[in-house]
Each structure stands twice: as structure tokens, then as C-alpha cells.
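Shown next: final.cif, containing mmCIF, C-alpha atoms and all ligand atoms.
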```cif
data_entry
loop_
_atom_site.label_atom_id
_atom_site.label_comp_id
_atom_site.auth_asym_id
_atom_site.auth_seq_id
_atom_site.Cartn_x
_atom_site.Cartn_y
_atom_site.Cartn_z
CA MET G 42 110.91 104.09 57.63
CA PHE G 43 108.29 101.92 59.23
CA ASP G 44 105.93 99.91 56.98
CA HIS G 45 103.03 100.62 59.33
CA PRO G 46 102.34 103.60 61.56
CA VAL G 47 104.06 103.34 64.93
CA LEU G 48 103.20 104.97 68.24
CA LEU G 49 105.45 105.44 71.23
CA VAL G 50 103.50 105.44 74.44
CA THR G 51 104.62 106.33 77.93
CA CYS G 52 103.18 105.17 81.22
CA PRO G 53 104.38 105.37 84.82
CA ARG G 54 107.23 102.92 85.50
CA GLY G 55 105.94 99.66 86.93
CA TRP G 56 102.57 100.04 85.19
CA GLU G 57 103.67 98.72 81.79
CA ALA G 58 101.51 95.56 81.90
CA GLU G 59 98.41 97.57 82.71
CA ALA G 60 99.26 100.12 79.99
CA ARG G 61 99.80 97.34 77.42
CA HIS G 62 96.44 95.92 78.38
CA GLU G 63 94.72 99.29 77.97
CA LEU G 64 96.38 99.74 74.57
CA ARG G 65 95.36 96.27 73.37
CA ARG G 66 91.80 96.90 74.48
CA ALA G 67 91.67 100.19 72.53
CA LEU G 68 93.61 98.83 69.51
CA PRO G 69 92.85 95.10 69.29
CA GLU G 70 94.65 94.68 65.94
CA ALA G 71 97.87 96.39 67.00
CA HIS G 72 101.08 94.75 68.13
CA VAL G 73 102.03 96.16 71.53
CA GLU G 74 105.43 95.64 73.15
CA SER G 75 107.41 97.22 75.96
CA LEU G 76 110.69 98.94 75.15
CA TYR G 77 113.71 98.06 77.25
CA ILE G 78 113.53 101.35 79.15
CA GLY G 79 110.76 101.13 81.76
CA GLY G 80 107.61 103.17 81.23
CA ASN G 81 107.92 103.09 77.43
CA ILE G 82 105.85 101.03 75.01
CA MET G 83 105.87 100.69 71.24
CA VAL G 84 102.65 100.08 69.31
CA LEU G 85 102.79 98.83 65.71
CA LEU G 86 99.46 99.72 64.14
CA ALA G 87 97.68 97.47 61.68
CA GLY G 88 95.41 100.22 60.32
CA PRO G 89 95.47 103.97 59.63
CA LEU G 90 97.17 106.27 62.13
CA GLN G 91 94.26 108.68 62.48
CA GLU G 92 91.82 105.88 63.30
CA ALA G 93 94.14 104.63 66.04
CA LEU G 94 94.61 108.12 67.48
CA ASP G 95 90.85 108.65 67.53
CA ALA G 96 90.35 105.27 69.23
CA LEU G 97 92.96 106.10 71.86
CA HIS G 98 91.52 109.56 72.35
CA GLU G 99 88.10 108.04 73.02
CA ALA G 100 89.34 105.10 75.11
CA SER G 101 88.96 105.26 78.84
CA THR G 102 92.49 104.65 80.14
CA SER G 103 94.13 105.07 83.51
CA VAL G 104 97.86 104.61 83.02
CA VAL G 105 98.49 105.51 79.36
CA ALA G 106 100.21 108.92 79.44
CA HIS G 107 101.76 110.34 76.24
CA VAL G 108 101.15 108.96 72.76
CA THR G 109 103.57 110.06 70.05
CA PRO G 110 103.40 108.91 66.40
CA VAL G 111 106.83 108.23 64.91
CA ALA G 112 107.86 107.57 61.31
CA PHE G 113 111.30 105.99 61.53
CA ARG G 114 113.97 104.63 63.82
CA LEU G 115 117.74 105.13 63.65
CA GLN G 116 120.53 103.42 65.56
CA ILE G 117 122.86 106.03 67.10
CA GLY G 118 125.88 106.27 69.41
CA ARG G 119 126.78 108.55 72.30
CA GLY G 120 129.04 110.99 70.47
CA ARG G 121 128.30 114.41 68.98
CA GLU G 122 128.94 113.06 65.47
CA TRP G 123 125.49 111.46 65.68
CA LEU G 124 123.87 114.89 65.58
CA ASP G 125 124.70 115.03 61.85
CA ALA G 126 123.31 111.56 61.30
CA MET G 127 120.05 112.50 63.02
CA ARG G 128 119.72 115.67 60.96
CA GLU G 129 120.32 113.76 57.71
CA ALA G 130 117.81 111.09 58.64
CA ALA G 131 115.19 113.74 59.47
CA ARG G 132 115.82 115.40 56.08
CA LEU G 133 115.58 112.08 54.27
CA TYR G 134 112.57 110.48 55.93
CA LEU G 135 110.30 113.24 57.23
CA THR G 136 107.88 115.49 55.39
CA PRO G 137 109.15 119.07 55.90
CA PRO G 138 106.99 121.29 58.12
CA ASP G 139 104.70 123.86 56.53
CA PRO G 140 106.83 127.07 56.61
CA GLU G 141 103.70 129.16 57.19
CA ARG G 142 102.77 127.50 60.46
CA SER G 143 104.50 127.44 63.84
CA PHE G 144 106.88 124.62 64.60
CA MET G 145 109.20 123.14 67.19
CA VAL G 146 111.54 120.18 67.60
CA ALA G 147 110.71 118.37 70.86
CA VAL G 148 113.48 116.09 72.09
CA ASP G 149 112.93 113.55 74.85
CA ARG G 150 116.33 112.03 75.58
CA ARG G 151 116.92 109.01 77.81
CA GLY G 152 120.46 107.76 78.43
CA THR G 153 123.93 109.28 78.43
CA HIS G 154 125.23 111.18 75.42
CA GLN G 155 127.91 113.72 74.60
CA PHE G 156 125.18 116.08 73.40
CA THR G 157 122.25 117.67 75.19
CA SER G 158 118.61 117.57 74.16
CA GLU G 159 118.95 121.18 73.04
CA ASP G 160 121.97 120.31 70.85
CA ALA G 161 119.87 117.59 69.22
CA ALA G 162 116.88 119.90 68.70
CA LEU G 163 119.02 122.60 67.07
CA ALA G 164 120.86 120.13 64.84
CA ILE G 165 117.70 118.40 63.68
CA ALA G 166 115.83 121.68 63.07
CA ASP G 167 118.59 122.56 60.59
CA ALA G 168 117.34 119.77 58.33
CA PHE G 169 114.51 122.03 57.20
CA VAL G 170 116.15 125.43 56.61
CA ASP G 171 116.18 125.08 52.84
CA GLY G 172 112.43 124.96 52.28
CA GLY G 173 111.91 128.19 54.27
CA LYS G 174 112.04 128.21 58.07
CA PRO G 175 108.71 127.99 59.86
CA PRO G 176 108.29 130.32 62.85
CA VAL G 177 109.51 128.57 65.99
CA ASP G 178 107.03 128.43 68.85
CA LEU G 179 108.19 126.54 71.90
CA SER G 180 104.98 126.94 73.91
CA SER G 181 102.11 126.04 71.58
CA PRO G 182 103.38 125.08 68.13
CA GLU G 183 101.03 123.78 65.45
CA GLN G 184 103.63 121.30 64.15
CA VAL G 185 106.04 119.26 66.24
CA LEU G 186 108.99 117.19 65.16
CA SER G 187 109.02 114.56 67.91
CA VAL G 188 112.44 113.10 68.69
CA GLU G 189 112.43 110.23 71.18
CA ILE G 190 115.93 109.05 72.12
CA TYR G 191 116.41 105.81 74.03
CA GLN G 192 120.17 105.64 74.56
CA ASP G 193 121.28 104.12 71.24
CA VAL G 194 118.04 104.36 69.27
CA VAL G 195 116.23 107.46 68.12
CA PHE G 196 112.66 107.57 66.81
CA MET G 197 111.33 110.62 64.95
CA GLY G 198 107.98 111.75 63.61
CA MET G 199 106.63 114.99 62.11
CA ASN G 200 103.32 115.56 63.80
CA GLU G 201 100.47 117.96 64.00
CA ALA G 202 100.52 119.10 67.63
CA ARG G 203 96.89 117.96 68.03
CA ASP G 204 97.97 114.37 67.19
CA LEU G 205 100.23 114.19 70.25
CA LEU G 206 97.86 112.68 72.77
CA ARG G 207 98.40 113.58 76.40
CA LYS G 208 96.06 111.38 78.42
CA GLU G 209 95.18 111.92 82.03
CA LEU G 210 96.77 109.53 84.53
CA ARG G 211 93.94 108.39 86.70
CA ARG G 212 95.48 105.44 88.47
CA MET G 213 98.48 107.29 89.86
CA ARG G 214 97.16 108.68 93.07
CA ARG G 215 99.39 110.22 95.63
CA TRP G 216 99.01 108.35 98.86
CA ALA G 217 98.48 110.07 102.15
CA PRO G 218 101.12 109.08 104.72
CA GLY G 219 100.54 105.49 105.82
CA GLU G 220 98.12 104.78 102.97
CA ARG G 221 100.55 103.57 100.31
CA PRO G 222 99.58 99.96 99.55
CA ILE G 223 102.17 97.16 99.84
CA ASN G 224 101.44 96.08 96.26
CA ARG G 225 98.82 96.41 93.58
CA ALA G 226 96.97 93.39 94.98
CA ALA G 227 96.22 95.48 98.05
CA LEU G 228 94.37 97.91 95.80
CA LYS G 229 92.07 95.08 94.67
CA LEU G 230 90.96 94.54 98.23
CA ARG G 231 90.53 98.26 98.84
CA GLU G 232 88.43 98.49 95.71
CA ALA G 233 86.31 95.51 96.73
CA ILE G 234 85.73 97.08 100.15
CA GLU G 235 84.61 100.31 98.48
CA GLU G 236 82.67 98.73 95.62
CA PHE G 237 80.68 96.34 97.82
CA GLY G 238 80.47 98.71 100.81
CA LEU G 239 82.00 96.07 103.09
CA VAL G 240 82.09 96.74 106.79
CA LEU G 241 84.98 94.91 108.48
CA PRO G 242 84.64 94.51 112.24
CA PRO G 243 87.65 96.38 113.72
CA GLY G 244 87.88 93.97 116.63
CA GLY G 245 87.54 90.87 114.43
CA ARG G 246 89.80 88.12 113.07
CA ALA G 247 90.51 87.58 109.36
CA LEU G 248 91.76 84.49 107.57
CA ASP G 249 93.73 85.35 104.40
CA LEU G 250 94.19 82.42 101.99
CA GLY G 251 96.92 82.79 99.36
CA ALA G 252 98.34 85.74 101.30
CA ALA G 253 101.88 86.19 99.95
CA PRO G 254 103.52 88.64 99.49
CA GLY G 255 101.03 90.26 101.83
CA GLY G 256 99.18 93.21 100.29
CA TRP G 257 95.81 91.99 101.52
CA THR G 258 97.26 90.89 104.86
CA ALA G 259 98.72 94.34 105.53
CA GLU G 260 95.49 95.98 104.45
CA LEU G 261 93.45 93.78 106.77
CA ALA G 262 95.93 94.12 109.63
CA GLY G 263 95.33 97.87 109.50
CA ARG G 264 91.58 97.40 109.73
CA MET G 265 91.08 94.39 112.00
CA ALA G 266 92.44 93.04 115.28
CA GLU G 267 94.13 89.91 113.92
CA VAL G 268 95.02 88.34 110.58
CA VAL G 269 96.05 84.74 109.97
CA ALA G 270 97.84 84.61 106.62
CA VAL G 271 98.10 81.27 104.83
CA ASP G 272 100.61 80.74 102.03
CA SER G 273 103.60 78.48 101.53
CA ALA G 274 105.40 81.47 99.98
CA ASP G 275 107.06 84.22 102.04
CA LEU G 276 105.28 87.31 103.22
CA GLU G 277 107.15 90.55 102.73
CA GLU G 278 109.27 91.15 105.83
CA ARG G 279 107.44 94.28 106.90
CA VAL G 280 104.10 92.43 106.67
CA ALA G 281 105.33 89.33 108.52
CA ALA G 282 106.64 91.66 111.25
CA LEU G 283 103.23 93.23 111.94
CA PRO G 284 102.27 92.38 115.52
CA ASN G 285 98.74 91.26 114.66
CA VAL G 286 99.75 88.99 111.73
CA THR G 287 100.40 85.25 112.02
CA HIS G 288 101.85 83.56 108.97
CA LEU G 289 101.05 79.87 108.49
CA ARG G 290 103.56 78.68 105.92
CA LEU G 291 101.19 76.07 104.49
CA ARG G 292 98.95 75.35 101.59
CA THR G 293 95.28 75.94 102.42
CA GLU G 294 94.59 72.22 101.89
CA GLU G 295 96.98 71.48 104.76
CA LEU G 296 95.20 73.64 107.37
CA ASP G 297 93.91 71.92 110.45
CA PRO G 298 90.51 73.54 111.08
CA GLU G 299 90.49 72.26 114.65
CA LYS G 300 93.38 74.58 115.52
CA MET G 301 92.21 77.69 113.77
CA GLY G 302 89.46 79.20 115.92
CA ARG G 303 86.67 81.25 114.46
CA PHE G 304 86.94 84.15 112.00
CA ASP G 305 84.86 87.22 111.16
CA LEU G 306 86.21 87.49 107.62
CA LEU G 307 87.55 84.97 105.11
CA VAL G 308 89.47 86.22 102.07
CA ASN G 309 90.84 84.10 99.27
CA ASP G 310 93.18 85.41 96.56
CA MET G 311 94.79 82.04 95.81
CA ASN G 312 96.12 81.48 92.31
CA MET G 313 93.89 78.54 91.63
CA GLU G 314 91.29 77.18 89.24
CA PRO G 315 88.06 78.96 90.31
CA VAL G 316 85.92 75.90 91.11
CA GLN G 317 88.69 74.33 93.17
CA SER G 318 89.23 77.65 94.96
CA ALA G 319 85.48 78.00 95.63
CA GLU G 320 85.28 74.44 96.95
CA LEU G 321 88.12 75.09 99.37
CA LEU G 322 86.39 78.25 100.53
CA CYS G 323 83.27 76.17 101.09
CA GLU G 324 85.19 73.57 103.08
CA LEU G 325 86.49 76.34 105.32
CA ALA G 326 83.09 78.05 105.74
CA PRO G 327 82.63 76.49 109.20
CA LEU G 328 85.59 78.60 110.37
CA LEU G 329 83.60 81.73 109.55
CA ARG G 330 80.94 82.93 111.95
CA PRO G 331 77.41 82.59 110.50
CA GLY G 332 76.63 85.68 108.44
CA GLY G 333 80.38 86.50 108.26
CA LEU G 334 81.81 87.99 105.05
CA ALA G 335 83.96 86.13 102.54
CA VAL G 336 85.81 87.68 99.59
CA MET G 337 87.27 85.62 96.77
CA THR G 338 88.96 86.50 93.49
CA ILE G 339 87.84 84.34 90.59
CA LYS G 340 90.93 83.91 88.40
CA PHE G 341 90.20 83.70 84.68
CA VAL G 342 92.55 80.81 84.05
CA THR G 343 91.03 80.36 80.57
CA CYS G 344 89.16 82.68 78.22
CA HIS G 345 85.81 81.16 79.34
CA ARG G 346 85.16 83.90 81.86
CA ARG G 347 81.43 83.39 82.12
CA ARG G 348 81.84 79.69 82.71
CA HIS G 349 84.36 80.32 85.49
CA MET G 350 82.02 82.79 87.18
CA VAL G 351 78.99 80.51 86.93
CA GLU G 352 80.86 77.42 88.13
CA ALA G 353 82.52 79.26 91.01
CA SER G 354 79.29 80.86 92.22
CA THR G 355 77.46 77.53 92.00
CA ALA G 356 80.14 75.96 94.19
CA LEU G 357 80.07 78.90 96.61
CA GLU G 358 76.30 78.98 96.95
CA ARG G 359 76.32 75.67 98.83
CA CYS G 360 77.83 77.41 101.85
CA TYR G 361 77.38 81.11 101.18
CA GLU G 362 74.46 83.34 100.33
CA ASP G 363 74.09 86.78 98.80
CA VAL G 364 76.97 85.95 96.41
CA ARG G 365 77.79 89.13 94.47
CA ILE G 366 80.34 89.32 91.68
CA SER G 367 81.85 92.50 90.31
CA ALA G 368 84.84 93.22 88.06
CA MET G 369 87.36 95.49 89.78
CA PRO G 370 89.21 97.97 87.59
CA HIS G 371 92.57 96.73 88.86
CA ASN G 372 92.67 93.45 87.08
CA ALA G 373 91.03 92.24 83.90
CA LYS G 374 92.26 88.68 84.44
CA GLU G 375 89.99 88.08 87.38
CA THR G 376 86.82 89.23 89.05
CA THR G 377 85.84 89.51 92.68
CA ALA G 378 83.06 87.69 94.54
CA VAL G 379 81.73 88.77 97.92
CA MET G 380 79.31 86.67 99.98
CA ARG G 381 78.03 85.84 103.45
CA ARG G 382 78.28 82.52 105.24
CA ARG G 383 74.98 80.67 105.44
CA ALA G 384 73.67 80.07 108.93
CA ALA G 385 73.22 76.37 108.16
CA LEU G 386 75.96 74.60 106.22
CA PRO G 387 75.68 71.35 104.27
CA GLU G 388 76.52 68.45 106.55
CA ALA G 389 79.76 67.50 104.79
CA GLU G 390 81.33 70.92 105.44
CA ASP G 391 80.12 71.08 109.03
CA SER G 392 81.60 67.73 109.93
CA ALA G 393 84.77 68.22 107.81
CA ALA G 394 85.67 71.19 109.97
CA GLY G 395 84.85 69.28 113.12
CA ARG G 396 82.08 71.62 114.17
C1 LIG G 401 97.81 86.60 93.62
S1 LIG G 401 98.86 85.97 94.85
C2 LIG G 401 98.17 86.66 96.29
C3 LIG G 401 98.48 88.08 96.48
C4 LIG G 401 98.10 88.55 97.85
N1 LIG G 401 96.65 88.58 98.03
C5 LIG G 401 98.65 89.92 98.16
O1 LIG G 401 97.86 90.84 98.42
O2 LIG G 401 99.87 90.10 98.18
C6 LIG G 401 98.35 84.30 94.93
C7 LIG G 401 98.98 83.51 96.02
O3 LIG G 401 98.26 82.28 96.10
C8 LIG G 401 99.13 81.35 96.67
N2 LIG G 401 98.57 80.01 96.52
C9 LIG G 401 98.37 79.28 95.40
N3 LIG G 401 97.86 78.07 95.73
C10 LIG G 401 97.71 78.06 97.08
C11 LIG G 401 97.23 77.11 98.01
N4 LIG G 401 96.81 75.91 97.61
N5 LIG G 401 97.23 77.43 99.31
C12 LIG G 401 97.68 78.64 99.72
N6 LIG G 401 98.15 79.59 98.89
C13 LIG G 401 98.17 79.29 97.58
C14 LIG G 401 100.43 81.59 95.92
O4 LIG G 401 101.53 81.10 96.65
C15 LIG G 401 100.43 83.12 95.81
O5 LIG G 401 101.24 83.70 96.80
#
```

Write out the structure in this file as C-alpha cells.
Amino acid sequence: MFDHPVLLVTCPRGWEAEARHELRRALPEAHVESLYIGGNIMVLLAGPLQEALDALHEASTSVVAHVTPVAFRLQIGRGREWLDAMREAARLYLTPPDPERSFMVAVDRRGTHQFTSEDAALAIADAFVDGGKPPVDLSSPEQVLSVEIYQDVVFMGMNEARDLLRKELRRMRRWAPGERPINRAALKLREAIEEFGLVLPPGGRALDLGAAPGGWTAELAGRMAEVVAVDSADLEERVAALPNVTHLRLRTEELDPEKMGRFDLLVNDMNMEPVQSAELLCELAPLLRPGGLAVMTIKFVTCHRRRHMVEASTALERCYEDVRISAMPHNAKETTAVMRRRAALPEAEDSAAGR
């Protein structure tokens, strides 16, 4: 038996970090950890179960899917002999269902076993024949014995059906052909374009700083005539192969502005301390046509978010105007700033870029 209430939570595979973040935001006191099978998370609650379920029910989440309270965990093997062990454990550790109300055993089995999910459900249901059998209802039972099998571990909980949260997946869109982003970073740029109502000139040139593995580059290459991607790390092959993408395998500090030409858009997603990143973007402002758009992510490298935003925008305002900052839903560890190049730049920047 667990000392504290435990929840098993599912999310789409690959979205575990985002799901853990959503869970921690809704349940700040809880301990949240991923299980070794992708798309599955365990939450050890610090407080009462019902409070946590209410908080999760209320919380606005995008990738948290199913939430199942469980009461105990048992180590099992692959063989059929483990059906008896599961039944005995259910009898020992779970409160029997109310025989007057409808009931089902719901088995979710991951891994390879010599028994099926149905075998497990039938065996475990037998644990409760003595106290009078509740009517079985497989479509809308009032009580559910949840059995979650992860290869060699089984978790079980006796739940009221209403306590099994089934949250709506809002982040998992189906992409129209050709619209699937290269990575989640690409979504950040899409969101910024939507959120700020950015208009990118289709015939223009974009400079992408901190471009690897290339989500933003690919996104921009689909919307503009040419993209110069700067990063000492590799671009994904299919991005590097795009005919309108040039990869400069350099650090931004190593760029030679004299050889770059002029750009209609500057984007900066470099993993870098925000002030330093803003100062580099300022140094490169002469490469942007006056009035041209720049987009920069402000990375929250410490918990002093406000300080990072203020310091970065102060640095940016020397060379850019109309600096707007907005948090994008895709990443809580950063925020996005959008701005326009000033017509007149401070002298240092103008001469540094040789213009
Ligand atoms: C968050 S990733 C960028 C993701 C990218 N926007 C995408 O859509 O795939 C940050 C990148 O910044 C790069 N970076 C960090 N410091 C840099 C620097 N001084 N110059 C250029 N790139 C840098 C890293 O190599 C890393 O690839």
C-alpha cells in the first residue's frame, strides 16, 4: 500500500516533460516522475486525493490525458501464475466494491505476458465474489477497479468512476499534409507569428540565430525566399537540404557582418543569457532593414523572470522599438519578444556592422 495517494497519469508519448510541468503547476506539493514506459507519469500526492482530483479537474491542461488513482503496487512476472498473485493482492489491499452498485475491472496492460487483459480482469474480479457480486457494467459502471500493468509492475486502485479523470488533449493537433512542424521549437515560432500578427515578406530574407536543429529555419524557409541559419550545431538533414537555406556553421559572435547582406527578418532562439542575447541582437540590428521585424526568445536561465525580461528589453530598446513581450503556451521556461528595428541606430552598432 502507498503511504500517500498516488495517481497514474498518461500523456501522448514525447510530451512527458510538458505533462510533468502541467501536473506540477496544478499540484505544486506533489512529487511528479515519469515511469520508464513513455507517456506514463506517476504523481505522489502530499495532500488528500479528492483535493488533488478537484485541482486537476479545474486545471487548464493541454497534454495530460487520463488520471487514475491507485492504492498499491505489486511486482509481477510474465506467467499466468501471477494472475493468482494479483487477485490475492486486490483482496488484501482494496476496499471491496459496493455490491449494490455497478462495477467493472478495467485492465490497461503494457508489455508481454502469458495472459491477456481479459484473463487479468476475470481473475482479479474473483477477489470480490464472497461479499456479494456487484452487477457488472462494462459501458458505464459506477465503480471501477483500475489495473495498470507496466510489464513487471501492476498498480491497482478501487475508484468511483467519476474520479477517473479523462482530460481533453488540446495540444495534439493533427497536421494537414506538409504542416507537421520539424520540432516543438517550430511551434513557438508559429505561435509568435499568430500571437503578434506578424507579417513576413514572402520575397524577403531571414537571419536565424541559434538555428539548430532547424525548426524555425524550416518554418521560415516555407514562408520566405531565403533563410541564413547560424549555429555551430548541425541542422537536421532535411532542413539543411532545403534549397533556400544556407547554414553558417558558426557562433553568432563569429559572423562577419560585411559578408551577410541585408535581412527583412532577424530571429534569435539562442540558448543564452537574455541580456547577452539581446546585446548580440542589437549588434546585428544594422543587418536588418529599418522597420524590419526581429523575434527573440528570452530564456529564463534563473527564476528571476521579471528581471530577465526587464534587462533584455532595456538592452533591445537601444536598437529596436515597439518591443512587445508575450508568453507563448509552448514553453514556460522562456518568453518571446517581438520588435522593429529603429530607423536610426546608436553609433556603436552602426559602425560595428560597417554600415
Ligand atoms: C533552443 S535551440 C534552437 C532551436 C531552433 N530554434 C529550432 O527551431 O530548432 C538553441 C540553439 O542555440 C544555439 N546557440 C547557443 N549559443 C549560440 C551562439 N553563441 N551562436 C549561435 N548559436 C548558439 C545552440 O547551439 C542551439 O542549437

Give one line per residue of chain G that approaches ligand LIG 401 (chain G) to at most 6 Å, naming the two atoms of the closest pair and their distance in Å to one decimal, counting all atoms listed in the file; sort by chain then ascending residue number and deliver it as a tab-separated table.
```
residue	atom	partner	partner_atom	distance
G:Ala226	CA	G:LIG401	O1	4.4
G:Ala227	CA	G:LIG401	O1	4.9
G:Leu250	CA	G:LIG401	C12	5.6
G:Gly251	CA	G:LIG401	N6	3.5
G:Ala252	CA	G:LIG401	C4	4.5
G:Ala253	CA	G:LIG401	O5	4.1
G:Pro254	CA	G:LIG401	O2	4.1
G:Gly255	CA	G:LIG401	O2	3.8
G:Gly256	CA	G:LIG401	O1	3.3
G:Trp257	CA	G:LIG401	O1	3.9
G:Val271	CA	G:LIG401	C12	5.8
G:Asp272	CA	G:LIG401	N6	4.2
G:Ser273	CA	G:LIG401	O4	5.9
G:Ala274	CA	G:LIG401	O4	5.1
G:Arg292	CA	G:LIG401	N5	3.5
G:Thr293	CA	G:LIG401	N5	4.0
G:Asp310	CA	G:LIG401	N1	4.9
G:Met311	CA	G:LIG401	O3	3.5
G:Asn312	CA	G:LIG401	C9	4.4
G:Met313	CA	G:LIG401	N3	5.7
```

Determine, counting only C-alpha atoms, every residue of protein, DNA or RNA that lies within 6 Å of (100.4, 100.9, 73.2) in the file coordinates, then give the result as a VMD selection string.
chain G and resid 50 61 64 73 82 to 84

Find the residues near Arg54 in chain G: any atom within 12 Å, counting all atoms listed in the file, skip ones fewer than 3 places away on the same chain, and give them as a list in words.
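Using all atoms listed in the file, the neighbours found are Val50, Thr51, Glu57, Ala58, Glu59, Ala60, Ser75, Leu76, Tyr77, Ile78, Gly79, Gly80, Asn81, Ile82, Val104, Val105, Ala106 and Met213 of chain G.
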
Excluding Gly120 in chain G and any residue of its chain fewer than 2 positions from it, enumerate the residues within 9 Å of it, using only C-alpha atoms, and give them as a ChimeraX atom specification.
/G:117-118,122-124,154-156

Between G:Leu357, G:Ala259, G:Leu205, G:Leu241, smallest distance to Thr109 in chain G by all atoms listed in the file belongs to G:Leu205

Would you kindly return, as a VMD selection string, each protein, DNA or RNA residue with an atom no farther than 9 Å from any atom of Gly198 in chain G, considering only C-alpha atoms and excluding same-chain residues fewer than 6 positions away?
chain G and resid 109 to 113 131 135 185 to 189

Please indicate the distance in Å from CA of Val308 in chain G to CA of Val336 in chain G, rounded to one decimal place.
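For CA of Val308 in chain G relative to CA of Val336 in chain G, the distance reads 4.7 Å.
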
Determine the nearest neighbour of Thr136 in chain G from the options G:Pro182, G:Met199, G:Leu86, G:Ala233, counting only C-alpha atoms.
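Closest to Thr136 in chain G of all the choices is G:Met199.
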
As a list in words, please: the residues near Glu375 in chain G (cut-off 8 Å, only C-alpha atoms, same-chain neighbours under 4 positions excluded).
Thr338, Ile339, Lys340, Phe341 and Ala368 of chain G

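CA of Leu386 in chain G lies 26.2 Å from CA of Arg347 in chain G.
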
Closest to Met350 in chain G among G:Pro327, G:Pro315, G:Pro387, G:Pro140, using only C-alpha atoms?
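For Met350 in chain G, the nearest of the given residues is G:Pro315.
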
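Proximity ranking of G:Phe144, G:Tyr361, G:Phe237, G:Phe196 relative to Gly332 in chain G places G:Tyr361 first, based on all atoms listed in the file.
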
Rounded to one decimal, what separation in Å do you get between CA of Val268 in chain G and CA of Met380 in chain G?
19.0 Å

From G:Asp160, G:Glu388, G:Glu70, G:Asp193, residue lying nearest Arg114 in chain G [all atoms listed in the file]
G:Asp193

Compare G:Leu289, G:Ala161, G:Ala147, G:Met197 by their minimum atom-to-atom distance to Pro46 in chain G, counting only C-alpha atoms, and give me the closest one.
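When distances to Pro46 in chain G are compared using only C-alpha atoms, the smallest one comes from G:Met197.
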
Show me, as number ranges by chain, the residues that have an atom within 10 Å of Ala100 in chain G when counting all atoms listed in the file, minus same-chain residues fewer than 5 positions from it.
G: 63-64, 66-68, 94-95, 208
